[in-house]
Structures are given as C-alpha cells and as structure tokens.
$ cat query33.cif   # mmCIF, C-alpha atoms
data_structure
#
loop_
_atom_site.label_atom_id
_atom_site.label_comp_id
_atom_site.auth_asym_id
_atom_site.auth_seq_id
_atom_site.Cartn_x
_atom_site.Cartn_y
_atom_site.Cartn_z
CA MET A 85 12.73 98.06 58.25
CA LYS A 86 11.33 94.82 56.89
CA ASN A 87 13.84 94.93 54.06
CA TYR A 88 16.75 95.27 56.48
CA LEU A 89 15.39 92.36 58.56
CA ALA A 90 15.09 90.14 55.48
CA LEU A 91 18.66 90.90 54.45
CA PHE A 92 19.88 90.08 57.96
CA VAL A 93 18.07 86.70 58.00
CA MET A 94 19.46 85.75 54.57
CA ALA A 95 22.97 86.69 55.62
CA ALA A 96 22.66 84.61 58.77
CA MET A 97 21.50 81.56 56.76
CA LEU A 98 24.25 81.64 54.14
CA PRO A 99 26.73 79.64 56.27
CA LEU A 100 24.06 76.96 56.69
CA PHE A 101 23.77 76.57 52.94
CA TYR A 102 27.51 76.27 52.56
CA SER A 103 27.74 73.80 55.44
CA CYS A 104 24.98 71.60 54.06
CA ASP A 105 26.52 71.64 50.61
CA GLU A 106 29.89 70.47 51.96
CA GLN A 107 28.28 67.69 53.96
CA ASP A 108 26.07 66.46 51.12
CA ASN A 109 28.84 66.69 48.53
CA PRO A 110 32.12 66.25 50.38
CA VAL A 111 35.27 67.10 48.43
CA THR A 112 37.52 64.06 48.19
CA PRO A 113 41.15 64.23 47.08
CA GLU A 114 41.89 62.76 43.67
CA THR A 115 43.49 59.33 43.71
CA PRO A 116 46.78 59.43 41.83
CA VAL A 117 46.88 57.19 38.78
CA VAL A 118 49.71 54.67 39.05
CA PRO A 119 50.93 53.55 35.63
CA GLU A 120 51.06 49.81 35.01
CA THR A 121 54.53 48.35 35.13
CA PRO A 122 55.88 44.97 34.03
CA SER A 123 56.12 42.22 36.61
CA ASP A 124 59.11 42.85 38.87
CA ASN A 125 59.53 39.25 39.98
CA LYS A 126 59.58 37.35 36.70
CA ASP A 127 61.99 37.56 33.81
CA GLU A 128 59.74 37.60 30.77
CA ARG A 129 62.59 36.39 28.56
CA ILE A 130 61.83 32.85 29.64
CA ASN A 131 58.79 32.97 27.37
CA GLU A 132 61.16 33.40 24.45
CA VAL A 133 63.10 30.28 25.45
CA ILE A 134 60.38 27.79 26.23
CA PRO A 135 56.65 27.81 25.40
CA GLU A 136 54.44 28.42 28.44
CA GLU A 137 52.52 25.20 27.85
CA ILE A 138 55.69 23.09 27.93
CA ARG A 139 57.09 25.03 30.88
CA SER A 140 53.92 24.30 32.88
CA LYS A 141 54.28 20.59 32.17
CA MET A 142 57.97 20.61 33.13
CA GLU A 143 57.17 22.37 36.42
CA GLU A 144 55.20 19.30 37.46
CA ASN A 145 58.45 17.33 37.54
CA MET A 146 61.13 19.90 38.32
CA PRO A 147 61.23 23.32 40.00
CA ILE A 148 61.43 26.46 37.88
CA TYR A 149 62.14 29.55 39.98
CA ASP A 150 60.99 33.02 38.98
CA GLY A 151 62.51 36.16 40.46
CA VAL A 152 65.05 38.80 39.56
CA ASN A 153 67.52 38.35 42.44
CA PRO A 154 69.18 34.98 41.88
CA PRO A 155 72.19 33.87 43.94
CA ASN A 156 75.68 33.91 42.48
CA VAL A 157 76.26 30.36 41.26
CA GLU A 158 79.62 30.76 39.52
CA GLY A 159 81.71 27.65 39.89
CA ILE A 160 82.20 24.05 38.78
CA TYR A 161 79.90 21.29 39.97
CA LEU A 162 79.71 17.52 39.56
CA ILE A 163 76.46 15.63 38.87
CA SER A 164 77.29 12.15 40.16
CA PRO A 165 75.67 9.74 39.84
CA ALA A 166 73.74 11.37 37.00
CA VAL A 167 70.36 9.79 36.30
CA ILE A 168 67.43 10.45 34.01
CA ALA A 169 64.72 10.86 36.65
CA TYR A 170 61.77 11.66 34.41
CA ASP A 171 60.79 11.16 30.79
CA SER A 172 57.59 12.82 29.59
CA TYR A 173 56.71 9.72 27.55
CA GLU A 174 57.73 7.11 30.12
CA GLY A 175 56.98 8.89 33.38
CA VAL A 176 59.17 8.53 36.46
CA VAL A 177 62.31 6.55 35.71
CA ASP A 178 65.67 5.96 37.38
CA ARG A 179 68.04 5.40 34.51
CA ASN A 180 71.74 5.89 35.17
CA LEU A 181 73.73 7.78 32.56
CA ARG A 182 76.98 6.19 31.55
CA ASP A 183 79.15 9.11 32.65
CA ASP A 184 79.15 11.78 35.31
CA ILE A 185 78.32 15.31 34.21
CA TYR A 186 80.39 18.37 35.00
CA ILE A 187 78.79 21.80 34.70
CA LYS A 188 80.46 25.17 34.93
CA PHE A 189 78.84 28.58 35.45
CA ALA A 190 80.92 31.69 34.83
CA ASN A 191 80.72 35.44 34.16
CA GLN A 192 77.40 35.95 35.94
CA ASP A 193 76.07 39.46 35.27
CA ALA A 194 73.83 40.62 38.12
CA GLU A 195 72.37 43.49 36.12
CA LYS A 196 71.65 41.73 32.82
CA LYS A 197 70.81 38.41 34.54
CA THR A 198 73.04 36.45 32.16
CA ILE A 199 75.61 33.75 32.80
CA ASP A 200 77.90 31.50 30.73
CA PHE A 201 77.33 27.75 30.79
CA LEU A 202 79.63 24.83 30.00
CA LEU A 203 78.84 21.11 30.25
CA LYS A 204 81.00 18.01 29.97
CA GLU A 205 79.71 14.44 30.07
CA GLY A 206 82.65 12.12 30.56
CA ASP A 207 85.18 12.49 27.74
CA TYR A 208 82.61 12.60 24.99
CA HIS A 209 80.55 15.74 25.11
CA ASP A 210 81.62 19.35 25.44
CA SER A 211 78.72 21.79 25.27
CA GLU A 212 78.78 25.54 25.66
CA GLY A 213 76.19 28.27 25.84
CA ASP A 214 76.81 32.01 26.10
CA GLY A 215 74.42 34.70 27.33
CA VAL A 216 72.29 32.22 29.24
CA PHE A 217 69.51 33.83 31.30
CA ILE A 218 69.27 33.29 35.06
CA SER A 219 66.33 33.99 37.38
CA GLY A 220 65.53 33.25 41.01
CA GLU A 221 65.33 34.59 44.55
CA GLY A 222 67.32 33.88 47.68
CA ASN A 223 69.32 30.69 47.18
CA ASN A 224 67.02 29.29 44.48
CA PHE A 225 67.82 29.79 40.81
CA THR A 226 66.86 28.72 37.31
CA ILE A 227 69.03 28.99 34.20
CA TYR A 228 67.49 28.60 30.77
CA PHE A 229 68.46 28.89 27.11
CA ASN A 230 67.71 27.71 23.57
CA THR A 231 70.02 25.85 21.24
CA SER A 232 69.67 25.34 17.49
CA GLY A 233 71.74 23.13 15.21
CA THR A 234 71.91 19.58 13.87
CA ASP A 235 72.25 16.15 15.40
CA ALA A 236 72.71 13.10 13.15
CA ASP A 237 72.19 15.53 10.23
CA ILE A 238 68.74 16.42 11.61
CA LYS A 239 67.96 20.08 12.25
CA ILE A 240 66.65 20.65 15.76
CA LYS A 241 65.82 23.39 18.24
CA THR A 242 65.87 22.62 21.94
CA ALA A 243 65.32 24.36 25.27
CA THR A 244 67.29 23.59 28.42
CA VAL A 245 66.30 24.55 31.96
CA VAL A 246 68.64 24.09 34.96
CA SER A 247 67.32 24.67 38.49
CA GLY A 248 68.64 24.19 41.99
CA THR A 249 69.43 25.67 45.38
CA LYS A 250 72.89 27.12 46.03
CA THR A 251 74.55 25.92 49.23
CA GLU A 252 78.02 26.17 50.74
CA ASN A 253 78.82 22.65 49.55
CA GLY A 254 77.46 22.90 46.01
CA ILE A 255 73.99 22.84 44.45
CA LYS A 256 71.18 21.01 46.21
CA ASP A 257 68.40 19.26 44.28
CA LEU A 258 69.75 20.25 40.89
CA CYS A 259 67.49 19.37 37.97
CA MET A 260 68.37 19.76 34.31
CA GLY A 261 65.41 19.51 31.96
CA ALA A 262 65.74 19.49 28.18
CA VAL A 263 62.88 19.56 25.70
CA MET A 264 62.72 19.12 21.94
CA ILE A 265 61.11 22.26 20.49
CA GLU A 266 61.51 21.63 16.74
CA LYS A 267 62.86 18.72 14.69
CA GLY A 268 63.53 18.17 11.00
CA ASP A 269 62.99 15.00 9.01
CA ASP A 270 63.87 11.95 11.11
CA PRO A 271 62.67 8.83 9.23
CA ASN A 272 64.62 6.43 11.44
CA ASN A 273 63.48 8.01 14.73
CA LEU A 274 67.01 8.62 15.90
CA LEU A 275 65.92 11.54 18.06
CA VAL A 276 63.03 11.97 20.49
CA GLU A 277 59.71 13.47 19.41
CA VAL A 278 58.89 17.20 19.45
CA GLY A 279 57.54 18.16 22.86
CA ARG A 280 59.23 15.27 24.64
CA TYR A 281 61.47 16.21 27.53
CA ARG A 282 63.73 14.52 30.02
CA VAL A 283 64.88 15.59 33.47
CA VAL A 284 68.36 14.71 34.74
CA LYS A 285 69.18 14.82 38.44
CA ASP A 286 71.99 14.06 40.83
CA LYS A 287 70.85 10.84 42.47
CA ASP A 288 72.14 11.73 45.94
CA GLY A 289 70.60 15.22 45.78
CA LEU A 290 73.80 17.28 45.96
CA CYS A 291 76.04 18.45 43.12
CA GLU A 292 79.34 18.93 44.88
CA ILE A 293 81.91 21.59 44.07
CA ALA A 294 84.51 20.11 41.74
CA GLU A 295 87.43 20.81 39.42
CA TRP A 296 87.08 20.82 35.65
CA PRO A 297 88.37 17.50 34.24
CA ALA A 298 91.06 17.34 31.61
CA SER A 299 89.83 16.00 28.28
CA THR A 300 91.51 12.74 27.32
CA ARG A 301 89.67 12.00 24.09
CA LYS A 302 88.98 13.98 20.98
CA MET A 303 85.58 15.62 21.06
CA LEU A 304 83.25 13.44 19.00
CA ASN A 305 80.62 15.96 17.99
CA SER A 306 81.13 18.75 15.47
CA TYR A 307 78.51 21.30 16.50
CA SER A 308 79.48 24.95 16.79
CA GLN A 309 80.08 26.13 20.33
CA ALA A 310 76.83 28.08 20.45
CA THR A 311 74.57 25.28 19.22
CA LYS A 312 75.55 21.95 20.67
CA SER A 313 74.34 22.18 24.28
CA SER A 314 72.39 19.18 25.57
CA PHE A 315 71.93 17.49 22.18
CA TRP A 316 73.23 14.25 23.68
CA LEU A 317 70.06 14.06 25.79
CA PHE A 318 67.78 13.77 22.77
CA ARG A 319 69.03 10.50 21.35
CA THR A 320 66.39 7.78 21.36
CA ILE A 321 67.18 5.27 24.10
CA LYS A 322 66.80 1.74 22.80
#
$ encode --input "query33.cif" --output "structure tokens"
Amino acid sequence: MKNYLALFVMAAMLPLFYSCDEQDNPVTPETPVVPETPSDNKDERINEVIPEEIRSKMEENMPIYDGVNPPNVEGIYLISPAVIAYDSYEGVVDRNLRDDIYIKFANQDAEKKTIDFLLKEGDYHDSEGDGVFISGEGNNFTIYFNTSGTDADIKIKTATVVSGTKTENGIKDLCMGAVMIEKGDDPNNLLVEVGRYRVVKDKDGLCEIAEWPASTRKMLNSYSQATKSSFWLFRTIK
C-alpha cells in the first residue's frame, strides 16, 4: 500500500518539476543571424577617385553628397559668372575666371550610376570624361572622376568633384572642385602643388539651363578626350 502511495505522490509532483524547469530555464527563440552588407547609401567607388583625407578637406568648402538615388541631371548648364571661390593654399577668394563655363551631362545610367561629362570654357578648352560616377539623394547630387595625362609636358593625375542641387531652372549652388593627386617633375612651378585644390562656383548661385555654344577657335590643347578634363584649373595663377 505504501508503495502505491509513493508512486502516486511522485506522479503528482512530476508536473511541478517540469513547470519549475521551464520557468528557471525559459526557452527563447534563436535570433536569426543577418549577414553584413555593404553600405546602401554610399557609392564606395568614390574612394577610388579621391583619397578620403582630401575628400574630407574638400567637404569643408563644398558639399559632397552620398547616396545611391541621385536626380537625373542630363542637360546643358552655364556657369556665369564663373569664379574661383576657394583655394586650399589661399583660403576664401573671389577671383573671376576670364570666360564662362558650359557643362553638359548626358547618358545618365540609373542602374550603373554613371554619366558622361563635357566642359567648355569660352573658346579655349574642351574637356570630356566618360563613365563618370554620380551619387546623391533627392535633388542633391555629386559627380566625380579621375583624369590622367600631361599638361605643359608634365605628367599629372587629378580628381574632379561636381556637386549641386537640381531645380527646374538649372542647378543651384553648383560647386566644381579639382585637386592635384600626382604631378611629375615641374622645376618652373607651372602647375599647382600636389594636394592643392580649387573650388569654382557660379557667383549668383544658379547655373541656368543653356545651349551648347559653337566653337569659333581651334582647340588649343592636345590632350586625348579621356584625359584632359579640368587641367586648365591647375595652372599656377601669377
């Protein structure tokens, strides 16, 4: 009889053991492991165009917009009056360029984030860059690219960054920064120093929509189409 009673008591207590075990050691669902993914709001290709240290310095004097949903900026725009607004060696300046600057953006690829770039300063300088990267969000954008070639028989490598805000009337607050990345032998200091950069702006703050001007003079430089962009900005200003 005692044996039957003991078995009954043990059977009655079993649920208590299970209940206490569940309370003391609750079973929690496993947290799914989410694999790390690259940043979805910054085009990492910009690091291949311009060193991060120089980019950080340029951002103090012109906007550089990250993002992977830039506006469509295809069109022709006029920078007039065009001024050098900042020189990394001189600081803030307000130096008028001799000629207006026309820029043209074409063949923007929304998937690859590339765009073609063409620049004309007066009748003297035609510059072209293909496969230029574009980043940005909303109406803000930044276009950036490298160029390599020679100026005054000096081998150079440069980086150009163009930023602004697309509007119905053109591009607001456009800034075009160009920095010397590498430079060959320059005994007469014809070109600016490595690391020096200049920022060009439209003085009235709006690059209006324009038509591409007809060239009336023979192009004076002899750089290949892929390597002559923005070299004119690196001449030493006397």
$ closest_residue --input "query33.cif" --among "A:Gly159, A:Gly151, A:Gly268, A:Gly220" --to "A:Tyr186" --atoms "only C-alpha atoms"
A:Gly159
$ resolve_selection --input "query33.cif" --expression "the PyMOL selection byres ((chain A and resi 142-147) around 12)" --output "PyMOL selection string"
chain A and resi 134-141+148-150+168-172+175-177+220+224-227+243-249+256-263+279-285
$ closest_residue --input "query33.cif" --among "A:Glu128, A:Glu292, A:Glu195, A:Asp286" --to "A:Pro165" --atoms "all atoms listed in the file"
A:Asp286
$ atom_distance --input "query33.cif" --atom1 "atom CA of A:Asp270" --atom2 "atom CA of A:Gly233"
14.3 Å
$ residues_around --input "query33.cif" --residues "A:Arg182" --least-positions-apart "2" --cutoff "9 Å" --atoms "only C-alpha atoms" --output "ChimeraX atom specification"
/A:166-167,180,184,205-206
$ atom_distance --input "query33.cif" --atom1 "atom CA of A:Ala298" --atom2 "atom CA of A:Leu203"
12.9 Å
$ closest_residue --input "query33.cif" --among "A:Val152, A:Glu277, A:Ser164, A:Lys196" --to "A:Leu181" --atoms "only C-alpha atoms"
A:Ser164
$ closest_residue --input "query33.cif" --among "A:Leu162, A:Ile187, A:Cys291, A:Ile218" --to "A:Arg129" --atoms "all atoms listed in the file"
A:Ile218
$ atom_distance --input "query33.cif" --atom1 "atom CA of A:Arg179" --atom2 "atom CA of A:Ile255"
20.9 Å
$ residues_around --input "query33.cif" --residues "A:Thr198" --least-positions-apart "4" --cutoff "6 Å" --atoms "only C-alpha atoms" --output "PyMOL selection string"
chain A and resi 192-193+215-218
$ closest_residue --input "query33.cif" --among "A:Val133, A:Ile293, A:Ala236, A:Ile199" --to "A:Ile265" --atoms "all atoms listed in the file"
A:Val133
